[in-house]
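Coordinates as given in data_4.txt (compact mmCIF, C-alpha atoms):
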```txt
# COMPACT_ATOMS: atom_id res chain seq x y z
CA VAL A 995 -19.98 -24.74 -26.31
CA ILE A 996 -16.85 -26.85 -26.65
CA ASN A 997 -17.07 -26.81 -30.46
CA TYR A 998 -17.37 -23.02 -30.40
CA ILE A 999 -14.31 -22.67 -28.14
CA GLU A 1000 -12.26 -25.00 -30.35
CA ASN A 1001 -13.38 -23.26 -33.55
CA GLN A 1002 -12.39 -19.84 -32.20
CA PHE A 1003 -8.98 -21.16 -31.20
CA ASP A 1004 -8.47 -22.80 -34.61
CA LYS A 1005 -9.43 -19.61 -36.47
CA PHE A 1006 -7.01 -17.56 -34.40
CA LEU A 1007 -4.19 -20.08 -34.83
CA GLU A 1008 -4.74 -20.24 -38.57
CA ALA A 1009 -4.65 -16.44 -38.84
CA GLU A 1010 -1.48 -16.30 -36.72
CA GLN A 1011 0.32 -18.78 -38.98
CA ARG A 1012 -0.34 -16.89 -42.21
CA VAL A 1013 2.62 -15.29 -43.96
CA ASN A 1014 0.75 -12.02 -44.47
CA ARG A 1015 -0.72 -11.28 -41.09
CA VAL A 1016 -3.37 -8.67 -40.70
CA GLN A 1017 -4.67 -7.06 -37.52
CA LEU A 1018 -6.38 -9.93 -35.70
CA VAL A 1019 -9.50 -9.62 -33.63
CA ASP A 1020 -9.14 -12.05 -30.77
CA THR A 1021 -12.45 -13.92 -30.55
CA ARG A 1022 -11.11 -16.77 -28.44
CA VAL A 1023 -12.88 -17.66 -25.21
CA HIS A 1024 -10.52 -16.95 -22.30
CA ALA A 1025 -12.77 -17.73 -19.34
CA CYS A 1026 -15.97 -19.56 -18.56
CA LEU A 1027 -18.12 -18.45 -15.63
CA TYR A 1028 -19.69 -21.77 -14.66
CA PHE A 1029 -22.83 -21.17 -12.62
CA ILE A 1030 -23.71 -23.90 -10.14
CA ALA A 1031 -27.23 -24.31 -8.82
CA PRO A 1032 -27.29 -23.77 -5.03
CA SER A 1033 -28.75 -27.20 -4.25
CA GLY A 1034 -26.44 -27.77 -1.30
CA HIS A 1035 -25.79 -31.32 -2.51
CA GLY A 1036 -22.75 -30.60 -4.65
CA LEU A 1037 -22.19 -30.84 -8.36
CA ARG A 1038 -24.51 -32.83 -10.59
CA GLN A 1039 -23.00 -35.47 -12.86
CA LEU A 1040 -23.72 -33.20 -15.85
CA ASP A 1041 -21.71 -30.40 -14.21
CA ILE A 1042 -18.76 -32.73 -13.62
CA GLN A 1043 -18.81 -34.08 -17.19
CA THR A 1044 -19.09 -30.59 -18.68
CA MET A 1045 -16.25 -29.19 -16.57
CA MET A 1046 -14.07 -32.21 -17.39
CA ARG A 1047 -14.45 -31.39 -21.08
CA LEU A 1048 -13.91 -27.65 -20.58
CA HIS A 1049 -11.09 -27.35 -18.06
CA ASP A 1050 -8.24 -28.02 -20.48
CA LYS A 1051 -9.64 -25.62 -23.10
CA VAL A 1052 -10.64 -22.56 -21.07
CA ASN A 1053 -10.24 -21.10 -17.57
CA ILE A 1054 -13.23 -22.15 -15.48
CA VAL A 1055 -14.47 -19.83 -12.74
CA PRO A 1056 -17.14 -21.67 -10.71
CA VAL A 1057 -19.88 -19.40 -9.37
CA ILE A 1058 -22.58 -20.49 -6.93
CA GLY A 1059 -25.75 -18.98 -8.34
CA LYS A 1060 -28.17 -17.24 -5.97
CA SER A 1061 -25.72 -17.65 -3.10
CA ASP A 1062 -27.20 -14.57 -1.47
CA SER A 1063 -30.21 -16.72 -0.53
CA CYS A 1064 -28.00 -19.07 1.53
CA THR A 1065 -26.46 -18.65 4.96
CA GLN A 1066 -22.67 -18.37 5.32
CA GLU A 1067 -22.61 -21.84 6.87
CA GLU A 1068 -24.53 -23.35 3.94
CA ILE A 1069 -22.23 -21.66 1.44
CA SER A 1070 -19.12 -22.90 3.29
CA ARG A 1071 -20.39 -26.50 3.30
CA PHE A 1072 -21.40 -26.26 -0.35
CA LYS A 1073 -17.98 -24.84 -1.32
CA SER A 1074 -16.21 -27.66 0.52
CA THR A 1075 -18.34 -30.27 -1.21
CA ILE A 1076 -17.71 -28.71 -4.62
CA LEU A 1077 -13.96 -28.42 -4.02
CA ASN A 1078 -13.79 -32.09 -2.99
CA GLN A 1079 -15.68 -33.12 -6.12
CA LEU A 1080 -13.43 -31.02 -8.34
CA LYS A 1081 -10.34 -32.54 -6.72
CA GLN A 1082 -11.68 -36.10 -7.01
CA ASN A 1083 -12.32 -35.60 -10.72
CA ASP A 1084 -9.03 -33.75 -11.41
CA ILE A 1085 -10.87 -30.69 -12.69
CA LYS A 1086 -8.72 -27.56 -12.76
CA VAL A 1087 -10.35 -24.21 -12.09
CA TYR A 1088 -8.87 -20.74 -12.45
CA GLU A 1089 -6.58 -19.71 -9.62
CA PHE A 1090 -6.65 -15.95 -9.10
CA PRO A 1091 -3.07 -14.65 -8.84
CA PRO A 1092 -1.93 -13.13 -5.55
CA THR A 1093 -1.73 -9.36 -5.35
CA ASP A 1094 -0.51 -6.72 -2.93
CA ASP A 1095 -3.67 -4.64 -3.42
CA GLN A 1096 -5.89 -5.11 -0.35
CA GLU A 1097 -8.94 -3.92 -2.24
CA VAL A 1098 -8.49 -6.81 -4.68
CA ASP A 1099 -7.42 -9.39 -2.10
CA TRP A 1100 -10.85 -9.39 -0.43
CA MET A 1101 -12.05 -11.29 -3.50
CA ARG A 1102 -9.53 -14.07 -2.97
CA GLU A 1103 -10.93 -14.56 0.54
CA GLN A 1104 -14.37 -15.20 -0.99
CA LEU A 1105 -13.02 -18.04 -3.15
CA PRO A 1106 -13.40 -21.63 -2.08
```

What does this structure look like when you write it as structure tokens?
Amino acid sequence: VINYIENQFDKFLEAEQRVNRVQLVDTRVHACLYFIAPSGHGLRQLDIQTMMRLHDKVNIVPVIGKSDSCTQEEISRFKSTILNQLKQNDIKVYEFPPTDDQEVDWMREQLP
């Protein structure tokens, strides 16, 4: 995955630096939806290592998979655990920008 992301960036950069530019198709990866298994125990070591390698190359949006099978309390605890682990490992995740649109802001409230 990381090699693919880097290759797409390199191809785009190379095309941008040419003297005779042509219409470029942007094939770069701009975001990674990172699905986390709803174990309730936090991130696995593999998740942490993968996100550490990805976070400076692409925007990471962590998603708790199958969260509809958990109670609100379980999801809240799981989110807190994940956020603490991300902070401890200095992993940056995408921060949704603030907006004045109330229909969009409900999504921000769902974020950890």

For region 998-1014 of chain A: contacts at 10 Å, only C-alpha atoms, fewer than 6 positions along chain excluded, given as a PyMOL selection string: chain A and resi 1020-1024+1048+1051-1052

Padding of 3 Å on every side, edges along x, y and z, all listed atoms of region 1010-1023 of chain A included: what centre and edge lengths in Å, to one decimal, does that box have, as JSON?
```
{"center_x": -5.1, "center_y": -12.9, "center_z": -34.8, "size_x": 21.5, "size_y": 17.7, "size_z": 25.3}
```

Best match for closeness to His1035 (chain A) among A:Ile1069, A:Leu1018, A:Val995, A:Val1055, counting all atoms listed in the file: A:Ile1069

Distance query Pro1056 (chain A) at most 7 Å, only C-alpha atoms, self and fewer than 4 positions along chain excluded, as a list in words: Leu1027, Tyr1028, Phe1029 and Ile1030 of chain A

Nearby residues, (-13.4, -25.1, -5.7) file frame, 9 Å, only C-alpha atoms, as a PyMOL selection string: chain A and resi 1055-1056+1073-1081+1086-1087+1105-1106

The selected residues should be written to file as a PDB file, in the frame of the given file (atoms: C-alpha atoms).
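Here's the written file again.pdb:
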```
ATOM      1  CA  VAL A1055     -14.470 -19.830 -12.740  1.00  0.00           C
ATOM      2  CA  PRO A1056     -17.140 -21.670 -10.710  1.00  0.00           C
ATOM      3  CA  LYS A1073     -17.980 -24.840  -1.320  1.00  0.00           C
ATOM      4  CA  SER A1074     -16.210 -27.660   0.520  1.00  0.00           C
ATOM      5  CA  THR A1075     -18.340 -30.270  -1.210  1.00  0.00           C
ATOM      6  CA  ILE A1076     -17.710 -28.710  -4.620  1.00  0.00           C
ATOM      7  CA  LEU A1077     -13.960 -28.420  -4.020  1.00  0.00           C
ATOM      8  CA  ASN A1078     -13.790 -32.090  -2.990  1.00  0.00           C
ATOM      9  CA  GLN A1079     -15.680 -33.120  -6.120  1.00  0.00           C
ATOM     10  CA  LEU A1080     -13.430 -31.020  -8.340  1.00  0.00           C
ATOM     11  CA  LYS A1081     -10.340 -32.540  -6.720  1.00  0.00           C
ATOM     12  CA  LYS A1086      -8.720 -27.560 -12.760  1.00  0.00           C
ATOM     13  CA  VAL A1087     -10.350 -24.210 -12.090  1.00  0.00           C
ATOM     14  CA  LEU A1105     -13.020 -18.040  -3.150  1.00  0.00           C
ATOM     15  CA  PRO A1106     -13.400 -21.630  -2.080  1.00  0.00           C
TER      16      PRO A1106
END
```

Computed interatomic separation between CA of Gln1066 (chain A) and CA of Asp1099 (chain A) (Å): 19.2 Å

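Between Val1057 (chain A) and the candidates A:Pro1032, A:Val1019, A:Asp1095, A:Ile1042, the tightest atom-to-atom separation, counting all atoms listed in the file, involves A:Pro1032.
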
Distance in Å - CA of Glu1089 (chain A) versus CA of Ile1054 (chain A):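 We find that CA of Glu1089 (chain A) and CA of Ile1054 (chain A) lie 9.2 Å from each other.
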
Only N, CA, C and O atoms needed: put region 1021-1048 of chain A from the block into a file as a CSV table (one decimal), in the first residue's frame.
```csv
chain,number,residue,atom,x,y,z
A,1021,THR,N,-3.8,10.6,-10.0
A,1021,THR,CA,-4.1,9.3,-9.5
A,1021,THR,C,-3.5,9.1,-8.1
A,1021,THR,O,-3.4,8.0,-7.5
A,1022,ARG,N,-3.1,10.2,-7.4
A,1022,ARG,CA,-2.6,10.1,-6.1
A,1022,ARG,C,-3.7,9.7,-5.1
A,1022,ARG,O,-4.9,9.9,-5.3
A,1023,VAL,N,-3.2,9.1,-4.0
A,1023,VAL,CA,-4.1,8.7,-3.0
A,1023,VAL,C,-4.2,9.9,-2.0
A,1023,VAL,O,-3.2,10.3,-1.4
A,1024,HIS,N,-5.4,10.4,-1.8
A,1024,HIS,CA,-5.6,11.6,-0.9
A,1024,HIS,C,-6.1,11.2,0.5
A,1024,HIS,O,-6.0,12.0,1.4
A,1025,ALA,N,-6.7,10.1,0.6
A,1025,ALA,CA,-7.3,9.7,1.9
A,1025,ALA,C,-7.3,8.1,2.1
A,1025,ALA,O,-7.4,7.4,1.1
A,1026,CYS,N,-7.1,7.7,3.3
A,1026,CYS,CA,-7.2,6.3,3.6
A,1026,CYS,C,-8.2,6.0,4.7
A,1026,CYS,O,-8.1,6.5,5.8
A,1027,LEU,N,-9.3,5.3,4.3
A,1027,LEU,CA,-10.2,4.9,5.3
A,1027,LEU,C,-9.7,3.7,6.0
A,1027,LEU,O,-9.6,2.6,5.4
A,1028,TYR,N,-9.3,3.8,7.2
A,1028,TYR,CA,-8.6,2.7,8.0
A,1028,TYR,C,-9.6,2.1,8.9
A,1028,TYR,O,-10.0,2.6,9.9
A,1029,PHE,N,-10.1,0.9,8.5
A,1029,PHE,CA,-11.1,0.2,9.2
A,1029,PHE,C,-10.5,-0.6,10.4
A,1029,PHE,O,-9.5,-1.3,10.2
A,1030,ILE,N,-11.0,-0.4,11.6
A,1030,ILE,CA,-10.5,-1.0,12.8
A,1030,ILE,C,-11.6,-2.0,13.3
A,1030,ILE,O,-12.7,-1.7,13.4
A,1031,ALA,N,-11.1,-3.2,13.6
A,1031,ALA,CA,-11.9,-4.3,14.1
A,1031,ALA,C,-12.5,-3.9,15.4
A,1031,ALA,O,-11.8,-3.4,16.3
A,1032,PRO,N,-13.8,-4.1,15.6
A,1032,PRO,CA,-14.4,-3.6,16.9
A,1032,PRO,C,-14.2,-4.6,18.1
A,1032,PRO,O,-15.1,-5.1,18.7
A,1033,SER,N,-12.9,-4.8,18.4
A,1033,SER,CA,-12.6,-5.8,19.4
A,1033,SER,C,-12.9,-5.2,20.8
A,1033,SER,O,-13.1,-5.9,21.8
A,1034,GLY,N,-12.9,-3.9,20.9
A,1034,GLY,CA,-13.1,-3.3,22.2
A,1034,GLY,C,-11.8,-3.1,23.0
A,1034,GLY,O,-11.8,-2.5,24.1
A,1035,HIS,N,-10.7,-3.7,22.5
A,1035,HIS,CA,-9.4,-3.7,23.3
A,1035,HIS,C,-8.5,-2.6,22.7
A,1035,HIS,O,-7.4,-2.5,23.2
A,1036,GLY,N,-8.9,-1.9,21.7
A,1036,GLY,CA,-8.0,-0.9,21.1
A,1036,GLY,C,-7.3,-1.4,19.9
A,1036,GLY,O,-7.7,-2.4,19.3
A,1037,LEU,N,-6.3,-0.7,19.5
A,1037,LEU,CA,-5.6,-1.0,18.2
A,1037,LEU,C,-4.6,-2.1,18.4
A,1037,LEU,O,-4.0,-2.2,19.5
A,1038,ARG,N,-4.5,-3.0,17.4
A,1038,ARG,CA,-3.5,-4.0,17.5
A,1038,ARG,C,-2.1,-3.4,17.1
A,1038,ARG,O,-2.1,-2.3,16.5
A,1039,GLN,N,-1.1,-4.1,17.4
A,1039,GLN,CA,0.3,-3.6,17.1
A,1039,GLN,C,0.4,-3.4,15.6
A,1039,GLN,O,1.0,-2.4,15.1
A,1040,LEU,N,-0.2,-4.3,14.8
A,1040,LEU,CA,-0.1,-4.1,13.3
A,1040,LEU,C,-0.8,-2.9,12.9
A,1040,LEU,O,-0.3,-2.2,12.0
A,1041,ASP,N,-1.9,-2.5,13.5
A,1041,ASP,CA,-2.6,-1.3,13.2
A,1041,ASP,C,-1.7,-0.1,13.4
A,1041,ASP,O,-1.6,0.9,12.6
A,1042,ILE,N,-1.1,-0.1,14.6
A,1042,ILE,CA,-0.3,1.1,15.0
A,1042,ILE,C,0.9,1.2,14.0
A,1042,ILE,O,1.2,2.3,13.6
A,1043,GLN,N,1.6,0.1,13.7
A,1043,GLN,CA,2.7,0.2,12.8
A,1043,GLN,C,2.3,0.6,11.4
A,1043,GLN,O,3.0,1.4,10.8
A,1044,THR,N,1.2,0.1,11.0
A,1044,THR,CA,0.7,0.5,9.6
A,1044,THR,C,0.4,2.0,9.6
A,1044,THR,O,0.8,2.7,8.7
A,1045,MET,N,-0.4,2.5,10.6
A,1045,MET,CA,-0.7,3.9,10.6
A,1045,MET,C,0.5,4.8,10.8
A,1045,MET,O,0.5,5.9,10.2
A,1046,MET,N,1.5,4.3,11.5
A,1046,MET,CA,2.7,5.1,11.7
A,1046,MET,C,3.4,5.3,10.3
A,1046,MET,O,4.0,6.4,10.1
A,1047,ARG,N,3.3,4.3,9.5
A,1047,ARG,CA,4.0,4.4,8.2
A,1047,ARG,C,3.1,5.2,7.2
A,1047,ARG,O,3.7,5.8,6.3
A,1048,LEU,N,1.8,5.3,7.4
A,1048,LEU,CA,0.9,5.9,6.5
A,1048,LEU,C,0.7,7.4,6.8
A,1048,LEU,O,0.5,8.2,5.9
```
